[in-house]
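*Asks:* I'm passing along model.tsv; it holds TSV, C-alpha atoms and all ligand atoms.
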chain	number	residue	atom	x	y	z
A	1027	MET	CA	-66.91	-79.61	-13.29
A	1028	SER	CA	-65.91	-77.57	-16.31
A	1029	ARG	CA	-63.91	-74.45	-15.75
A	1030	ILE	CA	-63.79	-72.03	-18.68
A	1031	PRO	CA	-60.16	-71.02	-19.15
A	1032	LEU	CA	-59.33	-67.39	-18.42
A	1033	ILE	CA	-56.50	-65.70	-20.30
A	1034	ALA	CA	-55.82	-62.42	-18.54
A	1035	GLY	CA	-53.41	-59.66	-19.53
A	1036	ASN	CA	-51.81	-57.57	-16.81
A	1037	TRP	CA	-50.60	-54.42	-18.52
A	1038	LYS	CA	-48.82	-53.18	-15.39
A	1039	MET	CA	-47.53	-49.57	-15.73
A	1040	TYR	CA	-47.47	-49.55	-19.52
A	1041	LYS	CA	-49.44	-47.60	-22.14
A	1042	THR	CA	-51.08	-44.18	-22.06
A	1043	GLY	CA	-54.86	-44.00	-22.43
A	1044	PRO	CA	-54.83	-43.69	-26.25
A	1045	GLN	CA	-52.24	-46.48	-26.57
A	1046	ALA	CA	-54.27	-48.75	-24.31
A	1047	VAL	CA	-57.46	-48.11	-26.29
A	1048	GLU	CA	-55.67	-48.81	-29.55
A	1049	THR	CA	-54.34	-52.16	-28.34
A	1050	ALA	CA	-57.69	-53.09	-26.77
A	1051	ARG	CA	-59.55	-52.35	-30.00
A	1052	GLU	CA	-57.06	-54.35	-32.03
A	1053	LEU	CA	-57.35	-57.25	-29.62
A	1054	ALA	CA	-61.16	-57.13	-29.75
A	1055	ARG	CA	-60.95	-57.35	-33.54
A	1056	LEU	CA	-58.58	-60.31	-33.39
A	1057	CYS	CA	-60.68	-62.04	-30.72
A	1058	SER	CA	-64.04	-61.68	-32.43
A	1059	ASP	CA	-64.39	-65.39	-33.24
A	1060	VAL	CA	-62.67	-66.79	-30.13
A	1061	GLN	CA	-64.79	-69.31	-28.27
A	1062	GLY	CA	-64.44	-71.35	-25.13
A	1063	VAL	CA	-61.92	-68.97	-23.53
A	1064	GLU	CA	-62.58	-65.89	-21.44
A	1065	VAL	CA	-60.29	-62.95	-22.18
A	1066	MET	CA	-59.53	-60.12	-19.77
A	1067	ILE	CA	-57.18	-57.16	-19.89
A	1068	ALA	CA	-56.12	-55.05	-16.94
A	1069	PRO	CA	-54.81	-51.63	-17.99
A	1070	THR	CA	-53.78	-48.84	-15.60
A	1071	PHE	CA	-56.48	-47.11	-13.58
A	1072	LEU	CA	-56.32	-44.11	-15.88
A	1073	SER	CA	-56.92	-46.19	-18.98
A	1074	LEU	CA	-59.49	-48.50	-17.42
A	1075	PRO	CA	-62.71	-46.54	-18.17
A	1076	LEU	CA	-61.49	-45.76	-21.69
A	1077	VAL	CA	-60.56	-49.37	-22.40
A	1078	ALA	CA	-63.76	-50.72	-20.81
A	1079	ALA	CA	-65.85	-48.43	-23.02
A	1080	SER	CA	-63.87	-49.36	-26.12
A	1081	VAL	CA	-64.38	-53.13	-25.68
A	1082	LYS	CA	-67.98	-52.95	-24.50
A	1083	GLY	CA	-70.09	-55.48	-26.39
A	1084	THR	CA	-67.03	-57.50	-27.44
A	1085	CYS	CA	-65.77	-60.71	-25.86
A	1086	ILE	CA	-63.12	-58.83	-23.89
A	1087	LYS	CA	-63.54	-58.16	-20.21
A	1088	THR	CA	-61.57	-55.68	-18.19
A	1089	GLY	CA	-60.00	-55.55	-14.78
A	1090	ALA	CA	-58.04	-53.30	-12.47
A	1091	GLN	CA	-54.57	-54.16	-11.17
A	1092	ASN	CA	-55.25	-53.17	-7.58
A	1093	LEU	CA	-57.74	-51.42	-5.31
A	1094	TYR	CA	-57.91	-49.86	-1.90
A	1095	PHE	CA	-60.28	-51.51	0.53
A	1096	GLU	CA	-61.93	-48.44	2.07
A	1097	LYS	CA	-65.16	-47.31	0.42
A	1098	GLN	CA	-64.17	-43.65	0.23
A	1099	GLY	CA	-62.43	-41.01	2.30
A	1100	ALA	CA	-59.22	-39.13	2.78
A	1101	PHE	CA	-56.88	-41.70	1.20
A	1102	THR	CA	-54.88	-39.63	-1.24
A	1103	GLY	CA	-53.98	-41.45	-4.40
A	1104	GLU	CA	-56.16	-44.50	-3.81
A	1105	ILE	CA	-59.02	-46.03	-5.82
A	1106	SER	CA	-61.99	-47.93	-4.32
A	1107	ALA	CA	-63.78	-51.05	-5.52
A	1108	ASP	CA	-66.89	-49.00	-6.31
A	1109	MET	CA	-64.87	-46.70	-8.55
A	1110	ILE	CA	-63.42	-49.67	-10.42
A	1111	LYS	CA	-66.84	-51.18	-10.87
A	1112	ALA	CA	-68.23	-47.87	-12.11
A	1113	ALA	CA	-65.37	-47.69	-14.62
A	1114	GLY	CA	-66.83	-50.82	-16.24
A	1115	ALA	CA	-64.45	-53.50	-14.96
A	1116	GLN	CA	-65.46	-57.03	-13.98
A	1117	TYR	CA	-62.19	-58.20	-12.43
A	1118	VAL	CA	-59.51	-56.95	-10.09
A	1119	ILE	CA	-56.02	-58.35	-9.58
A	1120	ILE	CA	-55.12	-58.47	-5.89
A	1121	GLY	CA	-51.84	-59.18	-4.14
A	1122	HIS	CA	-49.59	-59.23	-7.19
A	1123	SER	CA	-46.01	-59.97	-6.15
A	1124	GLU	CA	-44.91	-56.53	-7.39
A	1125	ARG	CA	-47.35	-54.97	-4.95
A	1126	ARG	CA	-46.18	-57.25	-2.15
A	1127	GLN	CA	-42.54	-56.51	-3.00
A	1128	TYR	CA	-42.56	-52.76	-3.77
A	1129	PHE	CA	-45.59	-51.56	-1.82
A	1130	ALA	CA	-45.31	-53.79	1.24
A	1131	GLU	CA	-48.67	-55.46	0.82
A	1132	THR	CA	-49.30	-58.07	3.47
A	1133	ASP	CA	-51.67	-61.03	3.40
A	1134	ALA	CA	-53.93	-59.17	5.84
A	1135	PHE	CA	-54.12	-56.25	3.40
A	1136	VAL	CA	-54.80	-58.63	0.55
A	1137	CYS	CA	-57.64	-60.18	2.53
A	1138	ARG	CA	-59.30	-56.80	3.11
A	1139	LYS	CA	-58.93	-55.99	-0.58
A	1140	ILE	CA	-60.61	-59.23	-1.61
A	1141	LYS	CA	-63.44	-58.43	0.79
A	1142	ALA	CA	-63.88	-54.98	-0.76
A	1143	ALA	CA	-63.91	-56.51	-4.25
A	1144	VAL	CA	-66.51	-59.16	-3.57
A	1145	GLU	CA	-68.74	-56.69	-1.74
A	1146	VAL	CA	-69.27	-54.77	-4.98
A	1147	GLY	CA	-69.34	-57.84	-7.22
A	1148	LEU	CA	-65.85	-57.54	-8.70
A	1149	LYS	CA	-64.18	-60.88	-9.38
A	1150	PRO	CA	-60.90	-61.05	-7.47
A	1151	ILE	CA	-57.77	-62.61	-8.96
A	1152	LEU	CA	-55.62	-63.44	-5.94
A	1153	CYS	CA	-51.94	-63.68	-6.88
A	1154	VAL	CA	-49.65	-65.97	-4.95
A	1155	GLY	CA	-46.14	-67.25	-5.52
A	1156	GLU	CA	-42.78	-67.90	-3.97
A	1157	THR	CA	-39.48	-66.10	-4.53
A	1158	GLU	CA	-36.43	-67.92	-5.82
A	1159	GLY	CA	-34.89	-67.93	-2.34
A	1160	GLN	CA	-38.04	-69.42	-0.82
A	1161	ARG	CA	-38.07	-72.16	-3.47
A	1162	ASP	CA	-34.40	-72.91	-2.83
A	1163	GLU	CA	-35.16	-73.22	0.86
A	1164	GLU	CA	-38.04	-75.59	0.04
A	1165	LYS	CA	-40.58	-73.19	1.48
A	1166	THR	CA	-42.76	-73.00	-1.64
A	1167	PHE	CA	-45.73	-74.86	-0.23
A	1168	SER	CA	-45.67	-73.22	3.18
A	1169	ILE	CA	-45.52	-69.77	1.53
A	1170	LEU	CA	-48.44	-70.60	-0.74
A	1171	ASP	CA	-50.38	-72.05	2.16
A	1172	LYS	CA	-49.96	-68.82	4.13
A	1173	GLN	CA	-50.76	-66.53	1.19
A	1174	VAL	CA	-53.96	-68.42	0.39
A	1175	SER	CA	-55.12	-69.16	3.95
A	1176	ASP	CA	-54.46	-65.65	5.25
A	1177	GLY	CA	-55.64	-63.95	2.06
A	1178	LEU	CA	-58.96	-65.78	2.25
A	1179	LYS	CA	-59.34	-65.71	6.04
A	1180	GLY	CA	-62.87	-65.24	7.34
A	1181	PHE	CA	-64.64	-65.76	4.02
A	1182	GLY	CA	-67.55	-68.09	3.44
A	1183	ARG	CA	-67.32	-70.05	0.21
A	1184	ASP	CA	-70.41	-68.35	-1.24
A	1185	GLU	CA	-68.67	-64.98	-1.09
A	1186	LEU	CA	-65.78	-66.39	-3.11
A	1187	LYS	CA	-67.74	-68.05	-5.91
A	1188	ASP	CA	-65.99	-65.81	-8.49
A	1189	LEU	CA	-62.52	-66.11	-6.99
A	1190	VAL	CA	-59.62	-66.82	-9.33
A	1191	ILE	CA	-56.16	-67.68	-8.01
A	1192	ALA	CA	-53.06	-66.95	-10.08
A	1193	TYR	CA	-49.88	-68.82	-9.24
A	1194	GLU	CA	-46.98	-66.63	-10.29
A	1195	PRO	CA	-43.58	-67.79	-9.11
A	1196	VAL	CA	-41.76	-64.50	-8.52
A	1197	TRP	CA	-38.60	-65.81	-10.16
A	1198	ALA	CA	-40.50	-66.46	-13.40
A	1199	ILE	CA	-42.02	-62.98	-13.77
A	1200	GLY	CA	-40.48	-60.95	-16.56
A	1201	THR	CA	-37.37	-63.12	-16.54
A	1202	GLY	CA	-38.08	-65.41	-19.48
A	1203	LYS	CA	-37.81	-68.35	-17.06
A	1204	THR	CA	-41.00	-70.39	-16.82
A	1205	ALA	CA	-41.63	-72.92	-14.13
A	1206	GLY	CA	-41.23	-76.48	-15.38
A	1207	ILE	CA	-44.27	-78.58	-16.19
A	1208	GLU	CA	-43.85	-80.67	-13.07
A	1209	GLN	CA	-43.33	-77.60	-10.86
A	1210	VAL	CA	-46.51	-75.98	-12.19
A	1211	HIS	CA	-48.45	-79.20	-11.90
A	1212	GLU	CA	-47.49	-79.91	-8.31
A	1213	VAL	CA	-48.27	-76.36	-7.19
A	1214	HIS	CA	-51.65	-76.26	-8.91
A	1215	GLN	CA	-52.55	-79.64	-7.49
A	1216	TYR	CA	-51.48	-78.39	-4.08
A	1217	LEU	CA	-53.58	-75.22	-4.42
A	1218	ARG	CA	-56.64	-77.21	-5.45
A	1219	SER	CA	-56.33	-79.52	-2.46
A	1220	LEU	CA	-55.74	-76.54	-0.17
A	1221	LEU	CA	-59.01	-75.00	-1.36
A	1222	GLU	CA	-60.73	-78.28	-0.65
A	1223	THR	CA	-59.35	-78.31	2.88
A	1224	LEU	CA	-60.22	-74.66	3.50
A	1225	PHE	CA	-63.67	-74.71	1.86
A	1226	SER	CA	-65.05	-77.77	0.09
A	1227	ARG	CA	-64.50	-80.17	-2.76
A	1228	ASP	CA	-67.03	-78.36	-4.94
A	1229	PHE	CA	-65.44	-75.03	-4.22
A	1230	ALA	CA	-62.01	-76.37	-5.13
A	1231	ASP	CA	-63.42	-77.88	-8.32
A	1232	GLN	CA	-65.05	-74.69	-9.49
A	1233	THR	CA	-62.20	-72.25	-8.74
A	1234	ARG	CA	-59.97	-71.34	-11.65
A	1235	LEU	CA	-56.23	-71.54	-11.08
A	1236	LEU	CA	-54.11	-69.51	-13.50
A	1237	TYR	CA	-50.39	-69.77	-14.13
A	1238	GLY	CA	-48.34	-66.60	-14.64
A	1239	GLY	CA	-44.67	-65.94	-15.30
A	1240	SER	CA	-43.14	-65.52	-18.77
A	1241	VAL	CA	-46.13	-67.03	-20.59
A	1242	LYS	CA	-45.51	-66.57	-24.33
A	1243	PRO	CA	-47.15	-67.82	-27.53
A	1244	GLU	CA	-44.40	-70.48	-27.73
A	1245	ASN	CA	-45.08	-72.05	-24.33
A	1246	ALA	CA	-48.81	-71.31	-23.83
A	1247	LYS	CA	-50.11	-74.57	-25.24
A	1248	GLU	CA	-47.83	-76.68	-23.10
A	1249	LEU	CA	-48.57	-74.70	-19.93
A	1250	MET	CA	-52.32	-74.61	-20.53
A	1251	GLY	CA	-52.31	-78.34	-21.10
A	1252	ILE	CA	-51.13	-79.05	-17.56
A	1253	LYS	CA	-53.78	-80.59	-15.34
A	1254	ASP	CA	-55.32	-78.07	-12.95
A	1255	VAL	CA	-54.14	-75.07	-14.99
A	1256	ASP	CA	-57.23	-73.10	-16.00
A	1257	GLY	CA	-55.67	-70.20	-17.81
A	1258	ALA	CA	-52.87	-67.68	-17.66
A	1259	LEU	CA	-52.02	-64.29	-16.21
A	1260	VAL	CA	-49.77	-62.71	-18.81
A	1261	GLY	CA	-47.58	-59.63	-18.40
A	1262	GLY	CA	-45.17	-58.65	-21.17
A	1263	ALA	CA	-46.67	-60.77	-23.92
A	1264	SER	CA	-50.13	-59.28	-23.37
A	1265	LEU	CA	-49.00	-55.78	-24.33
A	1266	ASP	CA	-48.96	-56.59	-28.01
A	1267	ALA	CA	-52.32	-57.67	-29.46
A	1268	ASN	CA	-50.69	-59.89	-32.11
A	1269	GLN	CA	-48.67	-61.73	-29.50
A	1270	PHE	CA	-51.48	-61.94	-26.98
A	1271	ILE	CA	-53.93	-63.38	-29.49
A	1272	ASN	CA	-51.55	-66.27	-30.06
A	1273	ILE	CA	-51.67	-67.05	-26.36
A	1274	ILE	CA	-55.46	-66.74	-26.34
A	1275	ARG	CA	-55.58	-69.15	-29.27
A	1276	TYR	CA	-53.22	-71.59	-27.54
A	1277	ASN	CA	-55.52	-74.45	-28.36
A	1278	ILE	CA	-55.40	-74.03	-32.12
B	1	LIG	P1	-44.59	-61.69	-17.44
B	1	LIG	O1	-45.58	-62.45	-18.30
B	1	LIG	O2	-44.07	-60.45	-18.09
B	1	LIG	O3	-43.54	-62.59	-16.90
B	1	LIG	O4	-45.43	-61.16	-16.16
B	1	LIG	C1	-46.23	-62.03	-15.44
B	1	LIG	C2	-47.05	-61.25	-14.49
B	1	LIG	O5	-46.55	-60.68	-13.55
B	1	LIG	C3	-48.50	-61.16	-14.75
B	1	LIG	O6	-49.17	-60.63	-13.67
What would the structure in this file look like if it were written as structure tokens?
Ligand code: 13P
*Replies:*
Amino acid sequence: MSRIPLIAGNWKMYKTGPQAVETARELARLCSDVQGVEVMIAPTFLSLPLVAASVKGTCIKTGAQNLYFEKQGAFTGEISADMIKAAGAQYVIIGHSERRQYFAETDAFVCRKIKAAVEVGLKPILCVGETEGQRDEEKTFSILDKQVSDGLKGFGRDELKDLVIAYEPVWAIGTGKTAGIEQVHEVHQYLRSLLETLFSRDFADQTRLLYGGSVKPENAKELMGIKDVDGALVGGASLDANQFINIIRYNI
């Protein structure tokens, strides 16, 4: 089963609309001859329609960084899956550790968000990962098990055909520390076998597993070469088109 690598940029709360469009256009220019890799950028909600319009017809896809699971209603400040889809996005990042940490997102919330995404045909990128304390206490696998099992509770495998899972150890995000090759490998292998247990062998084989946490041009090739790593979710290094392109071209 061949899984096309996905290199995704999470722009977090950076860039105004014009700045986001400028970077997106520059990236589209730099990416024009890239093959065999899918590229996605996730700007802020405000920039999303502008960025999606500016990369339309190029190889760059777009995504949102979050959504709210209700379809519409009196939910001040929230954005629905339909609205994201209408903005031109194909993907949505769900359950990022910053949302779990600062906005108290639970696995049950994450699950409802994934449901809302797949209902409108948005491809969900479910983020999972342990904190440093949890790793020290040897709880990494039980934490991941809970985040994946509870996040995907009640789904049939057909509903999740476009699911992507991003393993982002919390201690490696924005810190310059990357997980070691062996650490990444054992987690990705674990996630793949967990998907097999929860769904099926085929499902596990087709689902892309990204690594995230201080991915840079200097370490991208090594990280992407690890078995069961099917791409990257990149924060800081995706903000600059010249840096990000060197991650996208990790194979060259
Ligand atoms: P950094 O690449 O800045 O460590 O961020 C990773 C991340 O959180 C992507 O979602």
*Asks:* Within 9 Å of ligand LIG 1 (chain B), counting all atoms listed in the file, which protein or nucleic acid residues do you find, written as a PyMOL selection string?
*Replies:* chain A and resi 1034-1038+1091+1119+1122-1124+1153+1192+1194-1204+1237-1242+1258-1264
*Asks:* Which polymer residues have any atom within 8 Å of an atom of Leu1053 of chain A, counting all atoms listed in the file, with same-chain residues fewer than 3 positions away left out, as a CSV table (one decimal) with C-alpha atoms, in the coordinates of the input?
*Replies:*
chain,number,residue,atom,x,y,z
A,1049,THR,CA,-54.3,-52.2,-28.3
A,1050,ALA,CA,-57.7,-53.1,-26.8
A,1056,LEU,CA,-58.6,-60.3,-33.4
A,1057,CYS,CA,-60.7,-62.0,-30.7
A,1267,ALA,CA,-52.3,-57.7,-29.5
A,1268,ASN,CA,-50.7,-59.9,-32.1
A,1270,PHE,CA,-51.5,-61.9,-27.0
A,1271,ILE,CA,-53.9,-63.4,-29.5
*Asks:* Edge lengths and centre, in Å to one decimal, as JSON: that's what I need for the box along x, y and z that holds all listed atoms of segment 1220-1236 of chain A plus 5 Å on each side.
*Replies:*
{"center_x": -60.6, "center_y": -74.8, "center_z": -5.0, "size_x": 22.9, "size_y": 20.7, "size_z": 27.0}
*Asks:* Between A:Gly1083, A:Gly1182, A:Pro1031, A:Gly1103, which has the minimum distance to Leu1224 of chain A (counting all atoms listed in the file)?
*Replies:* A:Gly1182
*Asks:* Tell me, as a PyMOL selection string, which residues lie within 12 Å of Ala1054 of chain A, counting all atoms listed in the file; anything in the same chain fewer than 3 positions away does not count.
*Replies:* chain A and resi 1047-1051+1057-1060+1065-1067+1077-1088+1267-1268+1270-1271+1274
*Asks:* Fewer than 4 positions away in the same chain doesn't count, so skip those; otherwise give me all residues within 10 Å of Gln1215 of chain A, counting only C-alpha atoms, as a VMD selection string.
*Replies:* chain A and resid 1210 to 1211 1219 to 1220 1235 1253 to 1255
*Asks:* Between A:Leu1236, A:Gly1147, A:Leu1032, A:Phe1229, which has the minimum distance to Gln1061 of chain A (counting all atoms listed in the file)?
*Replies:* A:Leu1032
*Asks:* In Å to one decimal, how far is atom CA of Arg1125 of chain A from atom CA of Thr1157 of chain A?
*Replies:*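 Atom CA of Arg1125 of chain A lies at a distance of 13.6 Å from atom CA of Thr1157 of chain A.
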*Asks:* I'd like the interatomic distance between atom CA of Asp1176 of chain A and atom CA of Glu1158 of chain A, to a tenth of an Å.
*Replies:*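 It comes out at 21.3 Å.
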*Asks:* Between atom CA of Leu1189 of chain A and atom CA of Ile1151 of chain A, what is the spacing in Å?
*Replies:*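 The value is 6.2 Å.
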*Asks:* Can you tell me, as a count of residues only, what residues are no more than 9 Å from Tyr1040 of chain A when counting all atoms listed in the file, ignoring any on the same chain fewer than 6 positions away?
*Replies:* 4
*Asks:* If I only have part of segment 1202-1223 of chain A, can you fill in N, CA, C and O atoms and write it as a short mmCIF file (atom, residue, chain, number, x, y, z; two decimals), keeping the file's coordinate frame?
*Replies:*
data_model
loop_
_atom_site.label_atom_id
_atom_site.label_comp_id
_atom_site.auth_asym_id
_atom_site.auth_seq_id
_atom_site.Cartn_x
_atom_site.Cartn_y
_atom_site.Cartn_z
N GLY A 1202 -38.22 -64.45 -18.39
CA GLY A 1202 -38.08 -65.41 -19.48
C GLY A 1202 -37.96 -66.83 -18.96
O GLY A 1202 -37.99 -67.79 -19.73
N LYS A 1203 -37.86 -66.98 -17.63
CA LYS A 1203 -37.81 -68.35 -17.06
C LYS A 1203 -39.24 -68.77 -16.75
O LYS A 1203 -39.94 -68.06 -16.02
N THR A 1204 -39.68 -69.90 -17.25
CA THR A 1204 -41.00 -70.39 -16.82
C THR A 1204 -40.75 -71.55 -15.87
O THR A 1204 -39.74 -72.25 -15.98
N ALA A 1205 -41.72 -71.74 -15.00
CA ALA A 1205 -41.63 -72.92 -14.13
C ALA A 1205 -41.76 -74.15 -15.02
O ALA A 1205 -42.44 -74.11 -16.05
N GLY A 1206 -41.13 -75.23 -14.62
CA GLY A 1206 -41.23 -76.48 -15.38
C GLY A 1206 -42.62 -77.08 -15.25
O GLY A 1206 -43.35 -76.75 -14.32
N ILE A 1207 -42.94 -77.95 -16.18
CA ILE A 1207 -44.27 -78.58 -16.19
C ILE A 1207 -44.57 -79.21 -14.83
O ILE A 1207 -45.64 -79.04 -14.28
N GLU A 1208 -43.62 -79.95 -14.33
CA GLU A 1208 -43.85 -80.67 -13.07
C GLU A 1208 -44.01 -79.69 -11.91
O GLU A 1208 -44.85 -79.88 -11.03
N GLN A 1209 -43.22 -78.61 -11.94
CA GLN A 1209 -43.33 -77.60 -10.86
C GLN A 1209 -44.72 -76.96 -10.88
O GLN A 1209 -45.35 -76.78 -9.84
N VAL A 1210 -45.19 -76.62 -12.08
CA VAL A 1210 -46.51 -75.98 -12.19
C VAL A 1210 -47.58 -76.97 -11.75
O VAL A 1210 -48.47 -76.65 -10.96
N HIS A 1211 -47.45 -78.19 -12.22
CA HIS A 1211 -48.45 -79.20 -11.90
C HIS A 1211 -48.56 -79.43 -10.39
O HIS A 1211 -49.65 -79.43 -9.82
N GLU A 1212 -47.42 -79.58 -9.74
CA GLU A 1212 -47.49 -79.91 -8.31
C GLU A 1212 -48.04 -78.74 -7.49
O GLU A 1212 -48.77 -78.93 -6.53
N VAL A 1213 -47.73 -77.52 -7.93
CA VAL A 1213 -48.27 -76.36 -7.19
C VAL A 1213 -49.78 -76.24 -7.41
O VAL A 1213 -50.54 -76.04 -6.46
N HIS A 1214 -50.22 -76.40 -8.65
CA HIS A 1214 -51.65 -76.26 -8.91
C HIS A 1214 -52.46 -77.36 -8.20
O HIS A 1214 -53.53 -77.11 -7.67
N GLN A 1215 -51.89 -78.54 -8.20
CA GLN A 1215 -52.55 -79.64 -7.49
C GLN A 1215 -52.62 -79.32 -5.99
O GLN A 1215 -53.64 -79.54 -5.34
N TYR A 1216 -51.54 -78.76 -5.50
CA TYR A 1216 -51.48 -78.39 -4.08
C TYR A 1216 -52.54 -77.32 -3.77
O TYR A 1216 -53.27 -77.41 -2.78
N LEU A 1217 -52.62 -76.30 -4.65
CA LEU A 1217 -53.58 -75.22 -4.42
C LEU A 1217 -55.02 -75.75 -4.44
O LEU A 1217 -55.85 -75.36 -3.63
N ARG A 1218 -55.27 -76.67 -5.37
CA ARG A 1218 -56.64 -77.21 -5.45
C ARG A 1218 -56.96 -77.98 -4.16
O ARG A 1218 -58.04 -77.84 -3.61
N SER A 1219 -56.02 -78.75 -3.67
CA SER A 1219 -56.33 -79.52 -2.46
C SER A 1219 -56.40 -78.60 -1.24
O SER A 1219 -57.19 -78.84 -0.32
N LEU A 1220 -55.65 -77.52 -1.27
CA LEU A 1220 -55.74 -76.54 -0.17
C LEU A 1220 -57.13 -75.90 -0.13
O LEU A 1220 -57.73 -75.74 0.94
N LEU A 1221 -57.66 -75.58 -1.31
CA LEU A 1221 -59.01 -75.00 -1.36
C LEU A 1221 -60.05 -75.99 -0.86
O LEU A 1221 -61.03 -75.62 -0.22
N GLU A 1222 -59.81 -77.25 -1.14
CA GLU A 1222 -60.73 -78.28 -0.65
C GLU A 1222 -60.70 -78.32 0.88
O GLU A 1222 -61.73 -78.37 1.54
N THR A 1223 -59.48 -78.28 1.42
CA THR A 1223 -59.35 -78.31 2.88
C THR A 1223 -59.97 -77.08 3.52
O THR A 1223 -60.65 -77.15 4.54
#
